[in-house]
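Student: Below you'll find the structure I mean.
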2 protein chains.
Amino acid sequence: MDTQPKPHVVIVGGGFAGLWATRALAGAPLRISLVDRCNHHLFQPLLYQVATAGLSAPDIAAPLRHILRGQRNVTVLLDEVTGIDRSERTLRLREGGGLGYDYLLVASGATHAYFGHDEWTPHAPGLKTLDDAFGIRRRLLLAFERAEAESDPARRAALLTFVIVGAGPTGVELAGTLAEIARHTLNREFRHIDPRAARVILAEAGPRVLSSFPESLSKAARRQLERLGVEVHTGGAIERIDADHVQLAGQRIATRSVVWAAGVAASPLGALLGAPLDRAGRVQVEPDLGLPGDPRVFVAGDLAAISQDGRPVPGVAPAAKQMGRYVARAIRARIAGRKARPFRYRDFGNLATIGRRAAVVDLRGLRFSGVLAWWFWLAAHVFFLIGFRNRLVVLINWAWSYWTYQRNARIIVEPRPSSAVSRRRAEKPEEAATG
Amino acid sequence: MDTQPKPHVVIVGGGFAGLWATRALAGAPLRISLVDRCNHHLFQPLLYQVATAGLSAPDIAAPLRHILRGQRNVTVLLDEVTGIDRSERTLRLREGGGLGYDYLLVASGATHAYFGHDEWTPHAPGLKTLDDAFGIRRRLLLAFERAEAESDPARRAALLTFVIVGAGPTGVELAGTLAEIARHTLNREFRHIDPRAARVILAEAGPRVLSSFPESLSKAARRQLERLGVEVHTGGAIERIDADHVQLAGQRIATRSVVWAAGVAASPLGALLGAPLDRAGRVQVEPDLGLPGDPRVFVAGDLAAISQDGRPVPGVAPAAKQMGRYVARAIRARIAGRKARPFRYRDFGNLATIGRRAAVVDLRGLRFSGVLAWWFWLAAHVFFLIGFRNRLVVLINWAWSYWTYQRNARIIVEPRPSSAVSRRRAEKPEEAATG
């Protein structure tokens with residue numbers, strides 16, 4: 001019995017689904033390979049804090065190798081999947097060549113989508129990776145710098161106009177935080193502009209903000225956003241985005257800073273599986289998160305499309321963790337010749353923060369908003385951050401920001417080690433992106 | 001009297017010299033413009049900690065605007081000086097056009113120099129800016145990742161060989177910290193390599209390490225480096241650096257990771273002044289740090305060449321701060337029609353850290369090394385860090401690293417928001433740099 005080779009489980013993606021699956025297989029008589037093209041797990045719910053200079057990257061990210069150093073049945077591979085051959089049970093990796101599997105979990109998540117308007121990409125960056133967050137941070141901070149140096153009033157006003165597209169949790173958090181930065185953080189630092197004059201516009205095509213929340217909380221969120229100084233536009237789609245304008249429901253808005261927080265598309269790995277996809281590119285999985293007709297392959301997290309009680313399971317971190325843990329159980333069951341009971345998503349509630357002392361909480365019927373919701377959100381997020389040290393430093397950073405209104409990560413780093421000239425160029429993201 | 005326009009002082013460079021000059025002019029009846037192409041002041045003595053993943057950027061950098069927000073006579077300009085016309089008393093800025101001055105302080109510092117071997121630049125990056133530090137961090141961490149994926153023993157050994165060129169304070173700190181990372185931090189995280197097998201080679205062309213220290217401390221430093229596992233080569237020059245080898249005193253060393261900590265060249269702004277320069281490109285200033293024959297222009301910090309008691313004033317942070325403060329006094333004196341007494345550098349001593357519980361301290365005759373010196377170094381550096389919050393977070397990070405041997409900033413961030421393919425390419429710094 002002992003001479004039999006251990007089954008090889010390959011997990012693609014070190015996000016919530018992949019990492020939770022990996023950890024749930026600790027101690028199992030398996031060989032696990034965890035493949036990710038980044039060296040770190042990212043606590044995505046706080047990524048907007050990196051984009052708005054409240055936290056730095058190591059506060060919300062930790063090397064996968066480090067998280068898993070004690071789990072001896074795991075090998076972490078920094079690599080990228082370029083092909084999947086299910087008949088041969090082999091992945092193709094960009095660096096490492098072929099990688100065979102006995103069981104495969106694809107949990108490569110989602111990226112942003114522009115609804116067929118890919119030409120908007122350079123003008124309206126989305127927020128999915130640490131690199132995205134640094135790019136947005138650079139853009140937002142440089143807009144204030146350029147406004148300070150600009151003498152033409154119209155151009156200055158355009159530089160001080162910020163448009164966030166999409167009023168889901170990320171868009172709402174970005175808009176609220178940005179309004180706070182303009183009103184409080186940058187106050188007194190400039191000599192020619194008043195940052196408090198900045199306009200922050202939150203544009204939502206649907207009828208209300210935070211549409212995944214009950215209507216009463218959407219209303220509360222909108223009130224809180226407006227109190228922070230955000231202009232909320234609902235029910236009007238974005239018609240056009242270019243380098244210096246946004247066209248919103250027929251209205252032309254001069255702006256140099258647009259952030260895309262609207263569309264989500266599944267990772268392209270879904271298509272490589274050769275299985276049925278939904279409109280957003282997600283893989284339509286069986287009730288046990290397996291691929292139809294292939295008992296060796298599972299899909300979890302934002303890449304998996306599954307409904308429960310007639311409603312789709314949402315693309316949120318708790319669902320991804322639950323799916324990851326479930327797939328670990330399902331693989332153990334299959335190895336033992338059993339079949340796992342169907343996956344059930346347990347919805348413990350929904351939180352979103354809006355800004356300083358403003359949030360909404362929906363705990364399966366118990367709904368509240370405002371200061372109390374904000375404290376609840378804060379406690380929940382610090383609790384769920386991976387690693388004790390991160391929690392402590394994040395808490396200190398937040399306490400500091402709370403009392404002083406300051407944000408510590410307001411550092412613009414030039415993205416390339418190069419000459420002074422190209423360094424300057426690199427500081428102009430909209431030019432670098434279009435040119 | 002009140003209708004007379006206030007004199008305009010332009011300070012170029014927000015490093016120690018420029019920032020300390022600016023602050024020493026607080027309250028003076030002047031208009032000050034502080035020009036820097038970065039938005040932040042950088043605590044350069046701890047930059048090697050960012051390169052070796054011990055600290056993150058906001059721990060050692062703060063926005064100039066924020067530091068100076070309360071000093072109402074200062075305007076901070078994020079811009080780059082491209083020309084200096086002393087006859088017209090005007091600077092040319094890349095973004096902002098012409099900027100006239102009544103008094104000018106040029107404190108744009110130094111960069112690294114390859115002694116006529118600029119072709120080594122892509123293979124042996126230097127460490128002067130935050131961007132440099134991120135590039136080196138990425139390189140060092142990726143070398144271990146690639147070694148883990150490499151099956152050829154010779155290539156794997158080359159990936160695990162690190163060469164630091166130059167055994168001044170930065171080179172010594174980098175070598176000692178890197179040895180500690182390989183021996184302790186990464187221990188247990190890899191499955192195919194033993195990071196403790198990594199070679200860290202410190203190459204110094206001169207006869208001893210830390211040549212600015214007394215000989216007994218150089219010996220102590222060398223002993224401590226060797227105890228940490230660093231191979232120290234003195235008295236042999238680097239003859240060649242290419243993508244996968246270093247030629248050191250006739251010996252060919254296979255390596256993929258070289259860091260340049262050897263040569264320093266003054267900022268190119270010295271040449272724009274049209275004044276006599278020394279061999280390193282530094283401006284030869286008068287005893288009051290003024291330009292010979294031009295009472296309107298001063299030079300301070302690493303860009304200034306000045307001797308005292310027959311020895312050059314060293315290019316260290318305390319000297320730059322003292323020069324900055326002195327120039328502020330000299331400008332006030334000139335405006336009042338007086339002449340300041342010559343600049344005197346007060347040398348309070350010299351510290352260098354080597355690694356965990358290893359450092360050397362030379363306090364004008366009081367010399368010690370080892371654990372006590374390390375605690376002294378730690379206290380001094382935390383004390384001199386700008387801003388209370390930074391100090392606290394840095395202390396927590398250090399305490400955490402000390403007890404756990406962990407380093408928190410081990411995050412590899414891809415430098416460009418772009419497609420998956422170019423993201424992978426960007427993760428190969430040696431290819432990106434040469435290609």
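By convention here, the chains of the structure tokens are called A, B, ... in the order presented, each chain's residues are numbered starting at 1, and ligands are numbered starting at 1 in the order presented.
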Please provide as an mmCIF file with N, CA and C atoms, in the first residue's frame all residues within 12 Å of Asn187 of chain A, with the sequence filter that same-chain residues fewer than 3 positions apart are discarded (counting only C-alpha atoms).
Tutor:
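Result file is out.cif:
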```cif
data_model
loop_
_atom_site.group_PDB
_atom_site.id
_atom_site.type_symbol
_atom_site.label_atom_id
_atom_site.label_comp_id
_atom_site.auth_asym_id
_atom_site.auth_seq_id
_atom_site.Cartn_x
_atom_site.Cartn_y
_atom_site.Cartn_z
ATOM 1 N N PHE A 144 -3.438 65.823 -8.432
ATOM 2 C CA PHE A 144 -3.356 66.986 -7.545
ATOM 3 C C PHE A 144 -2.068 67.779 -7.811
ATOM 4 N N ALA A 179 -12.952 61.276 -1.592
ATOM 5 C CA ALA A 179 -13.551 62.520 -1.094
ATOM 6 C C ALA A 179 -12.909 62.914 0.239
ATOM 7 N N GLU A 180 -12.650 61.918 1.069
ATOM 8 C CA GLU A 180 -12.026 62.219 2.354
ATOM 9 C C GLU A 180 -10.603 62.743 2.165
ATOM 10 N N ILE A 181 -9.848 62.144 1.236
ATOM 11 C CA ILE A 181 -8.478 62.600 0.974
ATOM 12 C C ILE A 181 -8.496 64.060 0.543
ATOM 13 N N ALA A 182 -9.398 64.381 -0.408
ATOM 14 C CA ALA A 182 -9.441 65.744 -0.924
ATOM 15 C C ALA A 182 -9.843 66.734 0.171
ATOM 16 N N ARG A 183 -10.797 66.328 0.999
ATOM 17 C CA ARG A 183 -11.310 67.268 1.989
ATOM 18 C C ARG A 183 -10.415 67.420 3.198
ATOM 19 N N HIS A 184 -9.767 66.323 3.598
ATOM 20 C CA HIS A 184 -9.054 66.356 4.875
ATOM 21 C C HIS A 184 -7.561 66.137 4.737
ATOM 22 N N PHE A 190 -1.232 72.314 -0.283
ATOM 23 C CA PHE A 190 -0.992 72.968 -1.565
ATOM 24 C C PHE A 190 -1.075 74.479 -1.393
ATOM 25 N N ARG A 191 -0.446 75.212 -2.319
ATOM 26 C CA ARG A 191 -0.425 76.673 -2.219
ATOM 27 C C ARG A 191 -1.314 77.335 -3.259
ATOM 28 N N HIS A 192 -1.518 76.659 -4.414
ATOM 29 C CA HIS A 192 -2.265 77.289 -5.497
ATOM 30 C C HIS A 192 -3.661 76.703 -5.660
ATOM 31 N N ILE A 193 -3.881 75.512 -5.187
ATOM 32 C CA ILE A 193 -5.213 74.918 -5.308
ATOM 33 C C ILE A 193 -5.767 74.639 -3.916
ATOM 34 N N ASP A 194 -7.096 74.517 -3.875
ATOM 35 C CA ASP A 194 -7.733 74.048 -2.650
ATOM 36 C C ASP A 194 -8.261 72.647 -2.940
ATOM 37 N N PRO A 195 -7.583 71.616 -2.408
ATOM 38 C CA PRO A 195 -8.012 70.242 -2.743
ATOM 39 C C PRO A 195 -9.464 69.991 -2.387
ATOM 40 N N ARG A 196 -10.016 70.761 -1.440
ATOM 41 C CA ARG A 196 -11.410 70.555 -1.062
ATOM 42 C C ARG A 196 -12.360 70.898 -2.192
ATOM 43 N N ALA A 197 -11.847 71.631 -3.221
ATOM 44 C CA ALA A 197 -12.686 71.953 -4.380
ATOM 45 C C ALA A 197 -12.785 70.783 -5.352
ATOM 46 N N ALA A 198 -12.054 69.707 -5.095
ATOM 47 C CA ALA A 198 -12.096 68.565 -6.013
ATOM 48 C C ALA A 198 -13.501 67.983 -6.083
ATOM 49 N N THR A 404 -5.474 61.435 12.766
ATOM 50 C CA THR A 404 -4.743 62.539 12.137
ATOM 51 C C THR A 404 -5.271 62.897 10.757
ATOM 52 N N TYR A 405 -6.158 62.099 10.207
ATOM 53 C CA TYR A 405 -6.628 62.245 8.829
ATOM 54 C C TYR A 405 -5.505 62.036 7.818
ATOM 55 N N GLN A 406 -4.349 61.566 8.269
ATOM 56 C CA GLN A 406 -3.240 61.396 7.339
ATOM 57 C C GLN A 406 -3.244 60.013 6.723
ATOM 58 N N ARG B 65 5.445 67.663 0.504
ATOM 59 C CA ARG B 65 4.313 68.544 0.797
ATOM 60 C C ARG B 65 3.789 68.358 2.207
ATOM 61 N N HIS B 66 3.767 67.098 2.616
ATOM 62 C CA HIS B 66 3.219 66.825 3.932
ATOM 63 C C HIS B 66 4.178 67.299 5.018
ATOM 64 N N ARG B 69 3.856 71.104 5.208
ATOM 65 C CA ARG B 69 2.521 71.703 5.056
ATOM 66 C C ARG B 69 2.329 72.913 5.954
ATOM 67 N N GLY B 70 2.992 72.932 7.111
ATOM 68 C CA GLY B 70 2.809 74.045 8.034
ATOM 69 C C GLY B 70 3.724 75.236 7.763
#
```
Student: Given a cut-off of 8 Å, which residues of chain A touch chain B, counting only C-alpha atoms, written out as a ChimeraX atom specification?
Tutor: /A:37-40,56-58,61-63,65-66,68-70,75-78,96,130-132,135,145,149,188-191,389,393,396,400,408-417,424
Student: I need the residues of segment 13-234 of chain A that end up classed as strand (DSSP E or B) by DSSP on the backbone, written out as number ranges by chain.
Tutor: A: 31-36, 40-42, 61-63, 74-78, 81-85, 90-93, 97-100, 103-106, 110-113, 126, 161-165, 199-204, 230-234
Student: Pick out the residues sitting within 12 Å of Ser218 of chain A, and hand them over as a short mmCIF file (atom, residue, chain, number, x, y, z; two decimals) with all heavy atoms, in the first residue's frame; count only C-alpha atoms, and ignore anything fewer than 3 positions along from it in its own chain.
Tutor:
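The resulting file, selection-v4.cif, is shown below:
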```cif
data_model
loop_
_atom_site.label_atom_id
_atom_site.label_comp_id
_atom_site.auth_asym_id
_atom_site.auth_seq_id
_atom_site.Cartn_x
_atom_site.Cartn_y
_atom_site.Cartn_z
N ALA A 167 -20.86 51.52 -8.91
CA ALA A 167 -21.11 51.78 -7.49
C ALA A 167 -21.34 50.49 -6.72
O ALA A 167 -22.19 50.41 -5.85
CB ALA A 167 -22.28 52.74 -7.32
N GLY A 168 -20.56 49.45 -7.07
CA GLY A 168 -20.48 48.29 -6.19
C GLY A 168 -19.60 48.62 -5.00
O GLY A 168 -19.20 49.77 -4.82
N PRO A 169 -19.28 47.62 -4.16
CA PRO A 169 -18.48 47.92 -2.97
C PRO A 169 -17.16 48.64 -3.28
O PRO A 169 -16.81 49.62 -2.61
CB PRO A 169 -18.23 46.53 -2.37
CG PRO A 169 -19.41 45.71 -2.82
CD PRO A 169 -19.75 46.22 -4.18
N VAL A 172 -17.81 52.32 -4.38
CA VAL A 172 -18.28 53.13 -3.25
C VAL A 172 -17.12 53.44 -2.29
O VAL A 172 -16.95 54.58 -1.85
CB VAL A 172 -19.42 52.39 -2.53
CG1 VAL A 172 -19.70 52.97 -1.16
CG2 VAL A 172 -20.69 52.43 -3.39
N GLY A 206 -26.92 51.31 -13.06
CA GLY A 206 -28.14 50.79 -12.44
C GLY A 206 -28.86 51.85 -11.64
O GLY A 206 -28.40 52.99 -11.52
N PRO A 207 -30.02 51.47 -11.06
CA PRO A 207 -30.85 52.47 -10.39
C PRO A 207 -30.34 52.88 -9.01
O PRO A 207 -30.77 53.91 -8.48
CB PRO A 207 -32.22 51.78 -10.29
CG PRO A 207 -31.91 50.32 -10.33
CD PRO A 207 -30.67 50.15 -11.17
N ARG A 208 -29.39 52.09 -8.40
CA ARG A 208 -28.98 52.47 -7.05
C ARG A 208 -27.55 51.98 -6.76
O ARG A 208 -27.04 51.10 -7.44
CB ARG A 208 -29.95 51.89 -6.01
CG ARG A 208 -30.15 50.38 -6.09
CD ARG A 208 -31.28 49.95 -5.18
NE ARG A 208 -31.56 48.53 -5.27
CZ ARG A 208 -31.15 47.61 -4.39
NH1 ARG A 208 -30.43 47.98 -3.34
NH2 ARG A 208 -31.45 46.34 -4.54
N VAL A 209 -26.94 52.56 -5.74
CA VAL A 209 -25.61 52.13 -5.35
C VAL A 209 -25.73 50.83 -4.55
O VAL A 209 -26.80 50.52 -4.01
CB VAL A 209 -24.87 53.20 -4.50
CG1 VAL A 209 -24.83 54.54 -5.25
CG2 VAL A 209 -25.51 53.38 -3.14
N LEU A 210 -24.66 50.06 -4.49
CA LEU A 210 -24.61 48.80 -3.73
C LEU A 210 -25.84 47.94 -4.00
O LEU A 210 -26.59 47.60 -3.08
CB LEU A 210 -24.48 49.09 -2.22
CG LEU A 210 -23.19 49.79 -1.77
CD1 LEU A 210 -23.23 50.04 -0.26
CD2 LEU A 210 -21.95 49.00 -2.14
N SER A 211 -26.02 47.58 -5.26
CA SER A 211 -27.26 46.88 -5.64
C SER A 211 -27.36 45.50 -5.02
O SER A 211 -28.46 44.92 -5.01
CB SER A 211 -27.35 46.78 -7.17
OG SER A 211 -26.24 46.05 -7.66
N SER A 212 -26.27 44.94 -4.49
CA SER A 212 -26.38 43.62 -3.85
C SER A 212 -26.91 43.74 -2.42
O SER A 212 -27.11 42.72 -1.75
CB SER A 212 -25.01 42.93 -3.86
OG SER A 212 -24.08 43.66 -3.11
N PHE A 213 -27.14 44.95 -1.95
CA PHE A 213 -27.68 45.17 -0.60
C PHE A 213 -29.18 45.47 -0.68
O PHE A 213 -29.68 45.85 -1.74
CB PHE A 213 -26.97 46.34 0.07
CG PHE A 213 -25.59 46.00 0.58
CD1 PHE A 213 -24.52 45.90 -0.30
CD2 PHE A 213 -25.36 45.77 1.93
CE1 PHE A 213 -23.25 45.58 0.16
CE2 PHE A 213 -24.10 45.44 2.39
CZ PHE A 213 -23.05 45.35 1.50
N PRO A 214 -29.90 45.34 0.44
CA PRO A 214 -31.31 45.74 0.45
C PRO A 214 -31.45 47.23 0.14
O PRO A 214 -30.53 48.01 0.40
CB PRO A 214 -31.76 45.44 1.88
CG PRO A 214 -30.73 44.56 2.46
CD PRO A 214 -29.47 44.78 1.72
N GLU A 215 -32.60 47.59 -0.36
CA GLU A 215 -32.78 48.96 -0.85
C GLU A 215 -32.58 50.00 0.26
O GLU A 215 -32.04 51.08 0.02
CB GLU A 215 -34.17 49.10 -1.49
CG GLU A 215 -34.09 49.87 -2.78
CD GLU A 215 -35.39 49.84 -3.56
OE1 GLU A 215 -35.91 48.73 -3.79
OE2 GLU A 215 -35.87 50.94 -3.92
N ALA A 221 -26.39 54.27 2.13
CA ALA A 221 -25.05 54.44 1.58
C ALA A 221 -24.98 55.72 0.75
O ALA A 221 -24.02 56.49 0.84
CB ALA A 221 -24.70 53.23 0.71
N ARG A 222 -26.02 55.95 -0.04
CA ARG A 222 -26.03 57.15 -0.88
C ARG A 222 -26.01 58.42 -0.02
O ARG A 222 -25.29 59.36 -0.31
CB ARG A 222 -27.26 57.13 -1.78
CG ARG A 222 -27.27 58.28 -2.74
CD ARG A 222 -28.47 58.30 -3.65
NE ARG A 222 -28.31 59.42 -4.55
CZ ARG A 222 -28.47 59.33 -5.87
NH1 ARG A 222 -28.81 58.21 -6.43
NH2 ARG A 222 -28.28 60.40 -6.62
N ARG A 223 -26.82 58.41 1.02
CA ARG A 223 -26.82 59.56 1.93
C ARG A 223 -25.43 59.80 2.51
O ARG A 223 -24.95 60.92 2.57
CB ARG A 223 -27.81 59.31 3.08
CG ARG A 223 -29.14 60.02 2.96
CD ARG A 223 -29.89 60.07 4.29
NE ARG A 223 -29.79 58.86 5.09
CZ ARG A 223 -30.59 57.79 4.96
NH1 ARG A 223 -31.55 57.77 4.03
NH2 ARG A 223 -30.44 56.75 5.75
N GLN A 224 -24.79 58.72 2.94
CA GLN A 224 -23.46 58.86 3.55
C GLN A 224 -22.44 59.34 2.52
O GLN A 224 -21.57 60.16 2.84
CB GLN A 224 -23.03 57.51 4.16
CG GLN A 224 -23.91 57.11 5.34
CD GLN A 224 -23.48 55.75 5.94
OE1 GLN A 224 -22.52 55.68 6.70
NE2 GLN A 224 -24.19 54.71 5.60
N LEU A 225 -22.52 58.83 1.31
CA LEU A 225 -21.60 59.28 0.26
C LEU A 225 -21.77 60.77 0.02
O LEU A 225 -20.79 61.53 -0.09
CB LEU A 225 -21.87 58.53 -1.05
CG LEU A 225 -21.30 57.12 -1.15
CD1 LEU A 225 -21.95 56.37 -2.31
CD2 LEU A 225 -19.79 57.18 -1.35
N VAL A 232 -23.29 61.55 -6.58
CA VAL A 232 -23.72 60.22 -7.00
C VAL A 232 -24.66 60.34 -8.19
O VAL A 232 -25.68 61.03 -8.10
CB VAL A 232 -24.41 59.46 -5.84
CG1 VAL A 232 -24.80 58.06 -6.29
CG2 VAL A 232 -23.50 59.42 -4.61
N THR A 234 -26.90 57.95 -10.56
CA THR A 234 -27.38 56.60 -10.85
C THR A 234 -28.27 56.62 -12.08
O THR A 234 -28.73 57.69 -12.52
CB THR A 234 -28.17 56.02 -9.66
OG1 THR A 234 -29.11 57.00 -9.24
CG2 THR A 234 -27.26 55.66 -8.51
N LEU A 351 -21.05 43.29 3.99
CA LEU A 351 -20.61 44.57 4.54
C LEU A 351 -20.02 45.43 3.43
O LEU A 351 -19.43 44.91 2.51
CB LEU A 351 -19.47 44.39 5.56
CG LEU A 351 -19.44 43.20 6.50
CD1 LEU A 351 -18.19 43.32 7.37
CD2 LEU A 351 -20.68 43.21 7.33
N ALA A 352 -20.14 46.72 3.56
CA ALA A 352 -19.40 47.61 2.67
C ALA A 352 -19.08 48.87 3.45
O ALA A 352 -19.90 49.38 4.21
CB ALA A 352 -20.21 47.96 1.43
N THR A 353 -17.85 49.36 3.27
CA THR A 353 -17.50 50.63 3.91
C THR A 353 -17.63 51.73 2.90
O THR A 353 -17.53 51.51 1.69
CB THR A 353 -16.09 50.58 4.50
OG1 THR A 353 -15.82 51.84 5.11
CG2 THR A 353 -15.07 50.34 3.44
N ILE A 354 -17.85 52.93 3.37
CA ILE A 354 -18.10 54.06 2.48
C ILE A 354 -17.06 55.13 2.69
O ILE A 354 -16.67 55.83 1.77
CB ILE A 354 -19.52 54.61 2.73
CG1 ILE A 354 -20.54 53.58 2.25
CG2 ILE A 354 -19.74 55.94 2.05
CD1 ILE A 354 -21.85 53.63 2.95
N ALA A 359 -20.53 53.15 6.87
CA ALA A 359 -20.55 51.81 6.28
C ALA A 359 -21.98 51.31 6.32
O ALA A 359 -22.86 51.93 6.93
CB ALA A 359 -19.62 50.86 7.05
N VAL A 360 -22.21 50.18 5.64
CA VAL A 360 -23.51 49.51 5.75
C VAL A 360 -23.26 48.03 6.04
O VAL A 360 -22.30 47.45 5.56
CB VAL A 360 -24.35 49.65 4.45
CG1 VAL A 360 -24.81 51.09 4.26
CG2 VAL A 360 -23.58 49.18 3.23
N VAL A 361 -24.14 47.47 6.86
CA VAL A 361 -24.01 46.07 7.26
C VAL A 361 -25.36 45.41 7.10
O VAL A 361 -26.38 45.96 7.53
CB VAL A 361 -23.52 45.96 8.72
CG1 VAL A 361 -23.60 44.51 9.20
CG2 VAL A 361 -22.10 46.50 8.87
N ASP A 362 -25.35 44.21 6.48
CA ASP A 362 -26.58 43.43 6.32
C ASP A 362 -26.28 42.01 6.78
O ASP A 362 -25.69 41.22 6.06
CB ASP A 362 -27.00 43.45 4.84
CG ASP A 362 -28.19 42.53 4.58
OD1 ASP A 362 -28.95 42.26 5.54
OD2 ASP A 362 -28.36 42.09 3.43
N ARG A 367 -29.93 44.83 9.88
CA ARG A 367 -29.34 45.83 8.99
C ARG A 367 -29.04 47.09 9.75
O ARG A 367 -29.89 47.59 10.48
CB ARG A 367 -30.32 46.15 7.86
CG ARG A 367 -30.57 45.00 6.96
CD ARG A 367 -31.78 45.22 6.09
NE ARG A 367 -32.09 43.96 5.41
CZ ARG A 367 -33.16 43.76 4.66
NH1 ARG A 367 -34.02 44.72 4.47
NH2 ARG A 367 -33.36 42.60 4.09
N PHE A 368 -27.83 47.61 9.57
CA PHE A 368 -27.55 48.92 10.16
C PHE A 368 -26.50 49.62 9.33
O PHE A 368 -25.81 49.03 8.51
CB PHE A 368 -27.15 48.80 11.64
CG PHE A 368 -26.05 47.82 11.94
CD1 PHE A 368 -24.79 48.25 12.31
CD2 PHE A 368 -26.28 46.44 11.87
CE1 PHE A 368 -23.77 47.34 12.60
CE2 PHE A 368 -25.27 45.52 12.15
CZ PHE A 368 -24.01 45.97 12.52
N SER A 369 -26.37 50.94 9.57
CA SER A 369 -25.43 51.74 8.79
C SER A 369 -24.86 52.82 9.69
O SER A 369 -25.25 52.95 10.84
CB SER A 369 -26.15 52.38 7.59
OG SER A 369 -27.19 53.22 8.05
#
```
Student: As a ChimeraX atom specification, please: the residues near segment 324-335 of chain B (cut-off 9 Å, only C-alpha atoms, same-chain neighbours under 3 positions excluded).
Tutor: /B:7,9,16-25,28,103,105,107,288-290,295-296,298-301,319-321,338-341,343-344
Student: Between atom CA of Val264 of chain B and atom CA of Asp302 of chain B, what is the spacing in Å?
Tutor: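 That distance, rounded to one decimal, is 9.4 Å.
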Student: Have a look at A:Arg356, A:Asp347, A:Met323, A:Ala154 and name the one nearest to Ser401 of chain A; count only C-alpha atoms.
Tutor: A:Arg356
Student: Out of segment 123-329 of chain B, which residues get alpha helix (DSSP H) from DSSP, as a PyMOL selection string?
Tutor: chain B and resi 130-149+153-159+169-180+215-228+269-272+317-329
Student: Point out the residue among B:Arg199, B:His233, B:Lys6, B:His123 with the least atom-to-atom distance to Ser257 of chain B, counting only C-alpha atoms.
Tutor: B:His123
Student: With only C-alpha atoms as the counted atoms, please give the residues lying no more than 10 Å from Pro276 of chain A, apart from itself and same-chain residues fewer than 4 positions off, as a list in words.
Tutor: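 Selected residues are Gly270, Ala271, Gly281, Arg282, Val283, Gln284, Val285, Leu291 and Pro292 of chain A.
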Student: Within 8 Å of Ala262 of chain B, counting only C-alpha atoms, which residues qualify if same-chain residues fewer than 6 places away don't, as a VMD selection string?
Tutor: chain B and resid 112 to 114 165 to 168 171
Student: Keeping only all heavy atoms, write those residues as a CSV table (one decimal), in the first residue's frame.
Tutor:
```
chain,number,residue,atom,x,y,z
B,112,HIS,N,24.8,56.6,-8.8
B,112,HIS,CA,25.9,55.6,-8.8
B,112,HIS,C,26.7,55.8,-10.1
B,112,HIS,O,26.2,56.2,-11.1
B,112,HIS,CB,25.5,54.2,-8.6
B,112,HIS,CG,24.0,53.9,-8.9
B,112,HIS,ND1,23.6,53.7,-10.2
B,112,HIS,CD2,23.0,54.0,-8.1
B,112,HIS,CE1,22.3,53.5,-10.2
B,112,HIS,NE2,21.9,53.7,-8.9
B,113,ALA,N,28.0,55.4,-10.1
B,113,ALA,CA,28.9,55.5,-11.2
B,113,ALA,C,29.6,54.2,-11.4
B,113,ALA,O,29.9,53.5,-10.4
B,113,ALA,CB,29.9,56.6,-10.9
B,114,TYR,N,29.8,53.8,-12.7
B,114,TYR,CA,30.4,52.5,-13.0
B,114,TYR,C,31.8,52.7,-13.5
B,114,TYR,O,32.3,51.8,-14.2
B,114,TYR,CB,29.5,51.8,-14.0
B,114,TYR,CG,28.2,51.4,-13.4
B,114,TYR,CD1,27.1,52.3,-13.5
B,114,TYR,CD2,28.0,50.2,-12.9
B,114,TYR,CE1,25.9,51.9,-12.9
B,114,TYR,CE2,26.8,49.8,-12.3
B,114,TYR,CZ,25.7,50.7,-12.4
B,114,TYR,OH,24.5,50.3,-11.8
B,165,VAL,N,29.0,44.5,-5.0
B,165,VAL,CA,30.3,45.1,-5.4
B,165,VAL,C,30.4,46.4,-4.6
B,165,VAL,O,29.6,47.3,-4.7
B,165,VAL,CB,30.3,45.5,-6.9
B,165,VAL,CG1,31.6,46.1,-7.3
B,165,VAL,CG2,30.0,44.3,-7.8
B,166,GLY,N,31.5,46.5,-3.8
B,166,GLY,CA,31.8,47.6,-3.0
B,166,GLY,C,31.4,47.4,-1.5
B,166,GLY,O,30.3,47.0,-1.2
B,167,ALA,N,32.4,47.6,-0.6
B,167,ALA,CA,32.2,47.2,0.8
B,167,ALA,C,32.2,48.5,1.6
B,167,ALA,O,32.7,48.5,2.7
B,167,ALA,CB,33.3,46.3,1.3
B,168,GLY,N,31.5,49.6,1.1
B,168,GLY,CA,31.2,50.7,2.0
B,168,GLY,C,30.0,50.3,2.8
B,168,GLY,O,29.6,49.2,2.8
B,171,GLY,N,27.1,48.4,0.9
B,171,GLY,CA,27.5,47.1,0.4
B,171,GLY,C,27.6,46.1,1.6
B,171,GLY,O,27.1,45.0,1.5
```
Student: As JSON, numbers by chain, please: the residues near Gln251 of chain B (cut-off 10 Å, only C-alpha atoms, same-chain neighbours under 3 positions excluded).
Tutor: {"B": [236, 238, 239, 246, 247, 248, 254]}
